[in-house]
$ cat query_38.txt   # compact mmCIF, N, CA and C atoms
# COMPACT_ATOMS: atom_id res chain seq x y z
N MET C 28 33.94 -28.05 52.24
CA MET C 28 34.97 -29.01 52.53
C MET C 28 36.02 -28.98 51.40
N ARG C 29 37.27 -29.10 51.76
CA ARG C 29 38.37 -29.11 50.80
C ARG C 29 38.40 -30.43 50.05
N ILE C 30 38.85 -30.41 48.80
CA ILE C 30 38.98 -31.63 47.99
C ILE C 30 40.44 -31.81 47.64
N GLN C 31 40.97 -32.99 47.97
CA GLN C 31 42.34 -33.35 47.61
C GLN C 31 42.28 -34.56 46.68
N ILE C 32 42.69 -34.38 45.44
CA ILE C 32 42.66 -35.47 44.47
C ILE C 32 44.01 -36.16 44.48
N ASP C 33 43.99 -37.41 44.89
CA ASP C 33 45.20 -38.22 44.99
C ASP C 33 45.79 -38.47 43.60
N PRO C 34 47.10 -38.50 43.46
CA PRO C 34 47.73 -38.77 42.16
C PRO C 34 47.26 -40.08 41.52
N HIS C 35 47.00 -41.10 42.35
CA HIS C 35 46.48 -42.38 41.83
C HIS C 35 45.14 -42.17 41.14
N THR C 36 44.30 -41.35 41.75
CA THR C 36 42.98 -41.07 41.17
C THR C 36 43.14 -40.37 39.82
N LEU C 37 44.03 -39.40 39.74
CA LEU C 37 44.25 -38.70 38.47
C LEU C 37 44.78 -39.64 37.39
N GLU C 38 45.66 -40.54 37.79
CA GLU C 38 46.20 -41.50 36.83
C GLU C 38 45.10 -42.40 36.29
N ARG C 39 44.27 -42.91 37.18
CA ARG C 39 43.15 -43.77 36.76
C ARG C 39 42.16 -42.98 35.91
N ALA C 40 41.92 -41.74 36.27
CA ALA C 40 40.99 -40.90 35.51
C ALA C 40 41.47 -40.76 34.07
N GLN C 41 42.76 -40.48 33.88
CA GLN C 41 43.30 -40.33 32.54
C GLN C 41 43.17 -41.62 31.74
N GLU C 42 43.46 -42.75 32.38
CA GLU C 42 43.34 -44.05 31.70
C GLU C 42 41.90 -44.34 31.29
N ARG C 43 40.96 -43.85 32.09
CA ARG C 43 39.55 -44.20 31.89
C ARG C 43 38.74 -43.11 31.20
N GLY C 44 39.40 -42.01 30.84
CA GLY C 44 38.74 -40.98 30.05
C GLY C 44 38.03 -39.89 30.83
N ALA C 45 38.48 -39.62 32.05
CA ALA C 45 37.86 -38.57 32.86
C ALA C 45 38.89 -37.49 33.18
N SER C 46 38.40 -36.31 33.50
CA SER C 46 39.27 -35.18 33.82
C SER C 46 39.18 -34.83 35.30
N GLU C 47 40.14 -34.03 35.74
CA GLU C 47 40.13 -33.54 37.12
C GLU C 47 38.87 -32.71 37.38
N GLU C 48 38.49 -31.92 36.41
CA GLU C 48 37.27 -31.10 36.54
C GLU C 48 36.04 -31.97 36.73
N GLU C 49 35.95 -33.08 35.98
CA GLU C 49 34.81 -33.99 36.13
C GLU C 49 34.81 -34.67 37.49
N ILE C 50 35.98 -34.97 38.02
CA ILE C 50 36.07 -35.56 39.36
C ILE C 50 35.53 -34.57 40.38
N ARG C 51 35.98 -33.33 40.30
CA ARG C 51 35.53 -32.30 41.25
C ARG C 51 34.02 -32.08 41.15
N LEU C 52 33.50 -32.00 39.94
CA LEU C 52 32.06 -31.80 39.74
C LEU C 52 31.27 -32.98 40.32
N SER C 53 31.77 -34.19 40.11
CA SER C 53 31.10 -35.38 40.66
C SER C 53 31.06 -35.31 42.19
N LEU C 54 32.17 -34.90 42.81
CA LEU C 54 32.20 -34.80 44.27
C LEU C 54 31.28 -33.70 44.78
N GLU C 55 31.19 -32.61 44.06
CA GLU C 55 30.38 -31.47 44.50
C GLU C 55 28.89 -31.65 44.23
N GLN C 56 28.53 -32.31 43.12
CA GLN C 56 27.13 -32.36 42.72
C GLN C 56 26.55 -33.77 42.58
N GLY C 57 27.39 -34.79 42.73
CA GLY C 57 26.94 -36.16 42.53
C GLY C 57 26.05 -36.69 43.63
N ILE C 58 25.45 -37.85 43.35
CA ILE C 58 24.62 -38.51 44.36
C ILE C 58 25.51 -39.47 45.17
N SER C 59 25.19 -39.63 46.43
CA SER C 59 25.99 -40.48 47.31
C SER C 59 25.80 -41.95 46.98
N ILE C 60 26.91 -42.68 46.98
CA ILE C 60 26.89 -44.13 46.80
C ILE C 60 27.84 -44.73 47.84
N VAL C 61 27.72 -46.04 48.07
CA VAL C 61 28.55 -46.72 49.06
C VAL C 61 29.59 -47.56 48.34
N GLY C 62 30.83 -47.48 48.81
CA GLY C 62 31.92 -48.27 48.24
C GLY C 62 32.35 -49.38 49.15
N LYS C 63 33.35 -50.12 48.70
CA LYS C 63 33.92 -51.21 49.50
C LYS C 63 34.68 -50.64 50.70
N LYS C 64 34.81 -51.46 51.72
CA LYS C 64 35.59 -51.13 52.91
C LYS C 64 35.12 -49.84 53.58
N GLY C 65 33.82 -49.57 53.50
CA GLY C 65 33.25 -48.40 54.16
C GLY C 65 33.57 -47.08 53.50
N ARG C 66 34.11 -47.11 52.30
CA ARG C 66 34.43 -45.86 51.62
C ARG C 66 33.16 -45.20 51.11
N LEU C 67 33.23 -43.90 51.07
CA LEU C 67 32.13 -43.11 50.55
C LEU C 67 32.35 -42.91 49.06
N GLY C 68 31.26 -42.62 48.36
CA GLY C 68 31.39 -42.37 46.94
C GLY C 68 30.34 -41.39 46.45
N LYS C 69 30.61 -40.83 45.29
CA LYS C 69 29.66 -39.95 44.60
C LYS C 69 29.61 -40.38 43.15
N SER C 70 28.41 -40.36 42.59
CA SER C 70 28.20 -40.73 41.21
C SER C 70 27.56 -39.56 40.47
N PHE C 71 28.04 -39.32 39.25
CA PHE C 71 27.51 -38.22 38.45
C PHE C 71 27.51 -38.64 36.99
N ILE C 72 26.41 -38.32 36.29
CA ILE C 72 26.27 -38.66 34.87
C ILE C 72 26.48 -37.41 34.03
N PHE C 73 27.36 -37.52 33.05
CA PHE C 73 27.66 -36.44 32.12
C PHE C 73 27.12 -36.78 30.75
N GLU C 74 26.61 -35.78 30.04
CA GLU C 74 26.29 -35.98 28.63
C GLU C 74 27.62 -36.09 27.90
N PHE C 75 27.76 -37.09 27.05
CA PHE C 75 29.05 -37.35 26.41
C PHE C 75 28.96 -37.18 24.89
N ASN C 76 28.02 -37.92 24.27
CA ASN C 76 27.79 -37.84 22.82
C ASN C 76 29.09 -37.78 22.03
N SER C 77 29.94 -38.77 22.27
CA SER C 77 31.23 -38.80 21.61
C SER C 77 31.73 -40.24 21.53
N LEU C 78 32.93 -40.38 20.96
CA LEU C 78 33.54 -41.70 20.83
C LEU C 78 34.46 -41.98 22.01
N TRP C 79 34.43 -43.22 22.46
CA TRP C 79 35.40 -43.72 23.42
C TRP C 79 35.85 -45.08 22.92
N LYS C 80 37.13 -45.20 22.64
CA LYS C 80 37.72 -46.43 22.12
C LYS C 80 36.98 -46.93 20.89
N GLY C 81 36.66 -45.99 20.00
CA GLY C 81 36.06 -46.32 18.72
C GLY C 81 34.56 -46.57 18.72
N LYS C 82 33.90 -46.37 19.84
CA LYS C 82 32.46 -46.60 19.93
C LYS C 82 31.76 -45.34 20.43
N GLN C 83 30.60 -45.04 19.86
CA GLN C 83 29.81 -43.87 20.22
C GLN C 83 28.99 -44.12 21.48
N TYR C 84 29.04 -43.17 22.42
CA TYR C 84 28.27 -43.28 23.66
C TYR C 84 27.55 -41.97 23.93
N GLU C 85 26.33 -42.09 24.48
CA GLU C 85 25.53 -40.91 24.81
C GLU C 85 25.99 -40.25 26.11
N GLN C 86 26.32 -41.08 27.08
CA GLN C 86 26.64 -40.54 28.40
C GLN C 86 27.89 -41.20 28.98
N LYS C 87 28.42 -40.54 30.00
CA LYS C 87 29.56 -41.05 30.75
C LYS C 87 29.21 -40.88 32.23
N LYS C 88 29.40 -41.96 33.01
CA LYS C 88 29.11 -41.90 34.44
C LYS C 88 30.40 -42.07 35.23
N LEU C 89 30.67 -41.14 36.13
CA LEU C 89 31.82 -41.25 37.02
C LEU C 89 31.35 -41.70 38.38
N GLU C 90 32.10 -42.60 38.98
CA GLU C 90 31.93 -42.98 40.38
C GLU C 90 33.25 -42.70 41.07
N VAL C 91 33.25 -41.72 41.95
CA VAL C 91 34.46 -41.30 42.64
C VAL C 91 34.37 -41.77 44.09
N PHE C 92 35.38 -42.52 44.53
CA PHE C 92 35.40 -43.01 45.91
C PHE C 92 36.45 -42.26 46.71
N TYR C 93 36.12 -42.02 47.99
CA TYR C 93 36.95 -41.15 48.80
C TYR C 93 36.81 -41.46 50.28
N VAL C 94 37.72 -40.87 51.06
CA VAL C 94 37.63 -40.88 52.52
C VAL C 94 37.64 -39.43 52.98
N ILE C 95 37.19 -39.20 54.20
CA ILE C 95 37.22 -37.85 54.76
C ILE C 95 38.18 -37.85 55.94
N GLU C 96 39.13 -36.94 55.91
CA GLU C 96 40.07 -36.75 57.02
C GLU C 96 39.99 -35.28 57.42
N ASP C 97 39.63 -35.05 58.66
CA ASP C 97 39.41 -33.70 59.17
C ASP C 97 38.38 -33.01 58.29
N ASP C 98 38.75 -31.94 57.61
CA ASP C 98 37.78 -31.22 56.76
C ASP C 98 38.12 -31.38 55.28
N THR C 99 38.76 -32.53 54.94
CA THR C 99 39.22 -32.74 53.57
C THR C 99 38.70 -34.05 52.99
N ILE C 100 38.16 -33.97 51.79
CA ILE C 100 37.79 -35.15 51.01
C ILE C 100 39.06 -35.56 50.27
N ILE C 101 39.48 -36.81 50.48
CA ILE C 101 40.67 -37.33 49.79
C ILE C 101 40.23 -38.48 48.90
N THR C 102 40.43 -38.31 47.60
CA THR C 102 39.97 -39.33 46.66
C THR C 102 40.82 -40.60 46.78
N VAL C 103 40.18 -41.73 46.50
CA VAL C 103 40.85 -43.03 46.51
C VAL C 103 41.00 -43.52 45.07
N THR C 104 39.89 -43.50 44.33
CA THR C 104 39.92 -43.91 42.92
C THR C 104 38.68 -43.40 42.21
N VAL C 105 38.66 -43.58 40.90
CA VAL C 105 37.51 -43.20 40.09
C VAL C 105 37.27 -44.29 39.06
N TYR C 106 36.00 -44.60 38.86
CA TYR C 106 35.59 -45.52 37.81
C TYR C 106 34.77 -44.74 36.81
N VAL C 107 34.90 -45.08 35.54
CA VAL C 107 34.20 -44.39 34.48
C VAL C 107 33.46 -45.43 33.64
N TYR C 108 32.17 -45.19 33.43
CA TYR C 108 31.33 -46.09 32.64
C TYR C 108 30.74 -45.29 31.48
N TYR C 109 30.62 -45.95 30.35
CA TYR C 109 30.07 -45.32 29.16
C TYR C 109 28.80 -46.04 28.74
N GLY C 110 27.78 -45.29 28.32
CA GLY C 110 26.54 -45.88 27.87
C GLY C 110 25.41 -44.88 27.95
N LYS C 111 24.22 -45.40 28.26
CA LYS C 111 23.03 -44.57 28.46
C LYS C 111 22.49 -44.94 29.83
N PHE C 112 22.41 -43.96 30.73
CA PHE C 112 22.02 -44.22 32.11
C PHE C 112 20.73 -43.46 32.43
N GLU C 113 20.00 -43.95 33.38
CA GLU C 113 18.78 -43.28 33.83
C GLU C 113 19.15 -42.19 34.81
N GLY C 114 18.30 -41.17 34.88
CA GLY C 114 18.49 -40.11 35.86
C GLY C 114 19.62 -39.29 35.56
$ encode --input "query_38.txt" --output "structure tokens"
Amino acid sequence: MRIQIDPHTLERAQERGASEEEIRLSLEQGISIVGKKGRLGKSFIFEFNSLWKGKQYEQKKLEVFYVIEDDTIITVTVYVYYGKFEG
């Protein structure tokens, strides 16, 4: 399936510390989650071991929400969480 990353998603990703590559990887390899308004989502945990806003974090979790139109995944937004996550 084709992936189309909406400009809004890229803007939010930059603000929240995620890259386009991480969004694509989350969509391709992440676990399915359910979003608001019937939107689909994928969640993926990355090893981070770095600073974000002056604080050290072990991992970074992306939650990418999207809709499917024809044969294309179109992103809606991305949330980024920092910490230590299971799995």
$ closest_residue --input "query_38.txt" --among "C:Gly44, C:Glu113, C:Ile60, C:Val105" --to "C:Trp79" --atoms "only C-alpha atoms"
C:Gly44
$ closest_residue --input "query_38.txt" --among "C:Arg66, C:Glu90, C:Lys80, C:Glu96" --to "C:Thr36" --atoms "only C-alpha atoms"
C:Glu90
$ closest_residue --input "query_38.txt" --among "C:Lys69, C:Arg43, C:Ile32, C:Val94" --to "C:Tyr108" --atoms "only N, CA and C atoms"
C:Arg43
$ atom_distance --input "query_38.txt" --atom1 "atom N of C:Gln56" --atom2 "atom CA of C:Leu78"
24.7 Å
$ atom_distance --input "query_38.txt" --atom1 "atom N of C:Arg39" --atom2 "atom CA of C:Ser77"
20.7 Å
$ residues_around --input "query_38.txt" --residues "stretch 101-103 of chain C" --least-positions-apart "5" --cutoff "8 Å" --atoms "all atoms listed in the file" --output "ChimeraX atom specification"
/C:29-37,91-96
$ axis_aligned_box --input "query_38.txt" --around "stretch 89-92 of chain C" --padding-each-side "4 Å" --output "JSON"
{"center_x": 33.6, "center_y": -42.1, "center_z": 41.4, "size_x": 13.8, "size_y": 9.9, "size_z": 18.6}
$ decode --input "query_38.txt" --residues "chain C" --atoms "C-alpha atoms" --output "JSON list (two decimals), in the first residue's frame"
[["chain", "number", "residue", "atom", "x", "y", "z"],
["C", 28, "MET", "CA", 0.00, 0.00, 0.00],
["C", 29, "ARG", "CA", 1.23, 3.52, -0.82],
["C", 30, "ILE", "CA", 1.98, 5.95, 2.04],
["C", 31, "GLN", "CA", 1.16, 9.65, 1.72],
["C", 32, "ILE", "CA", 2.42, 11.78, 4.59],
["C", 33, "ASP", "CA", 0.30, 14.88, 4.96],
["C", 34, "PRO", "CA", 2.17, 18.19, 5.46],
["C", 35, "HIS", "CA", 0.33, 18.66, 8.79],
["C", 36, "THR", "CA", 1.76, 15.35, 10.00],
["C", 37, "LEU", "CA", 5.29, 16.38, 9.03],
["C", 38, "GLU", "CA", 4.89, 19.70, 10.80],
["C", 39, "ARG", "CA", 3.70, 18.00, 13.99],
["C", 40, "ALA", "CA", 6.47, 15.42, 13.71],
["C", 41, "GLN", "CA", 9.13, 18.14, 13.59],
["C", 42, "GLU", "CA", 7.60, 19.92, 16.60],
["C", 43, "ARG", "CA", 7.47, 16.66, 18.55],
["C", 44, "GLY", "CA", 10.89, 15.28, 17.62],
["C", 45, "ALA", "CA", 10.09, 12.67, 14.99],
["C", 46, "SER", "CA", 11.28, 12.22, 11.41],
["C", 47, "GLU", "CA", 9.56, 11.23, 8.18],
["C", 48, "GLU", "CA", 11.57, 8.00, 8.22],
["C", 49, "GLU", "CA", 10.26, 7.17, 11.71],
["C", 50, "ILE", "CA", 6.69, 7.82, 10.57],
["C", 51, "ARG", "CA", 7.12, 5.45, 7.62],
["C", 52, "LEU", "CA", 8.73, 2.76, 9.79],
["C", 53, "SER", "CA", 5.91, 3.06, 12.33],
["C", 54, "LEU", "CA", 3.31, 2.60, 9.58],
["C", 55, "GLU", "CA", 5.15, -0.36, 8.05],
["C", 56, "GLN", "CA", 6.16, -2.22, 11.23],
["C", 57, "GLY", "CA", 4.07, -0.81, 14.09],
["C", 58, "ILE", "CA", 1.27, -2.47, 16.01],
["C", 59, "SER", "CA", -2.31, -1.47, 15.23],
["C", 60, "ILE", "CA", -4.09, 0.92, 17.58],
["C", 61, "VAL", "CA", -7.49, 2.63, 17.43],
["C", 62, "GLY", "CA", -7.85, 6.40, 17.20],
["C", 63, "LYS", "CA", -10.68, 8.88, 17.61],
["C", 64, "LYS", "CA", -13.43, 9.17, 15.01],
["C", 65, "GLY", "CA", -12.74, 5.68, 13.67],
["C", 66, "ARG", "CA", -9.23, 6.51, 12.55],
["C", 67, "LEU", "CA", -6.66, 3.79, 12.32],
["C", 68, "GLY", "CA", -3.30, 4.04, 13.98],
["C", 69, "LYS", "CA", 0.07, 2.35, 14.33],
["C", 70, "SER", "CA", 2.39, 2.51, 17.31],
["C", 71, "PHE", "CA", 6.12, 1.82, 17.27],
["C", 72, "ILE", "CA", 8.77, 2.10, 19.98],
["C", 73, "PHE", "CA", 12.26, 3.30, 19.08],
["C", 74, "GLU", "CA", 15.39, 3.08, 21.19],
["C", 75, "PHE", "CA", 16.27, 6.71, 21.84],
["C", 76, "ASN", "CA", 18.91, 7.00, 24.60],
["C", 77, "SER", "CA", 19.21, 10.72, 24.12],
["C", 78, "LEU", "CA", 18.06, 14.11, 25.36],
["C", 79, "TRP", "CA", 14.71, 15.66, 24.54],
["C", 80, "LYS", "CA", 14.08, 19.15, 25.90],
["C", 81, "GLY", "CA", 16.93, 18.79, 28.36],
["C", 82, "LYS", "CA", 15.91, 15.41, 29.80],
["C", 83, "GLN", "CA", 17.38, 11.97, 29.09],
["C", 84, "TYR", "CA", 15.00, 9.29, 27.76],
["C", 85, "GLU", "CA", 15.57, 5.62, 26.93],
["C", 86, "GLN", "CA", 12.86, 5.26, 24.32],
["C", 87, "LYS", "CA", 10.57, 7.21, 22.02],
["C", 88, "LYS", "CA", 7.12, 5.95, 21.01],
["C", 89, "LEU", "CA", 5.34, 7.19, 17.89],
["C", 90, "GLU", "CA", 1.61, 6.87, 17.39],
["C", 91, "VAL", "CA", 0.70, 7.65, 13.79],
["C", 92, "PHE", "CA", -2.98, 8.07, 12.89],
["C", 93, "TYR", "CA", -4.25, 7.72, 9.35],
["C", 94, "VAL", "CA", -7.11, 6.99, 6.97],
["C", 95, "ILE", "CA", -7.10, 4.71, 3.95],
["C", 96, "GLU", "CA", -8.35, 5.98, 0.59],
["C", 97, "ASP", "CA", -8.26, 3.51, -2.28],
["C", 98, "ASP", "CA", -4.80, 1.91, -1.99],
["C", 99, "THR", "CA", -3.18, 4.79, -0.08],
["C", 100, "ILE", "CA", -2.49, 5.35, 3.61],
["C", 101, "ILE", "CA", -2.90, 9.08, 4.28],
["C", 102, "THR", "CA", -1.55, 10.29, 7.59],
["C", 103, "VAL", "CA", -3.64, 12.56, 9.81],
["C", 104, "THR", "CA", -1.24, 13.27, 12.69],
["C", 105, "VAL", "CA", 1.54, 11.85, 14.82],
["C", 106, "TYR", "CA", 2.06, 11.86, 18.57],
["C", 107, "VAL", "CA", 5.45, 11.30, 20.14],
["C", 108, "TYR", "CA", 6.01, 10.10, 23.71],
["C", 109, "TYR", "CA", 9.31, 9.85, 25.54],
["C", 110, "GLY", "CA", 10.13, 7.47, 28.39],
["C", 111, "LYS", "CA", 10.54, 3.74, 28.97],
["C", 112, "PHE", "CA", 7.84, 1.54, 27.43],
["C", 113, "GLU", "CA", 7.11, -2.17, 27.58],
["C", 114, "GLY", "CA", 7.37, -4.34, 24.49]]
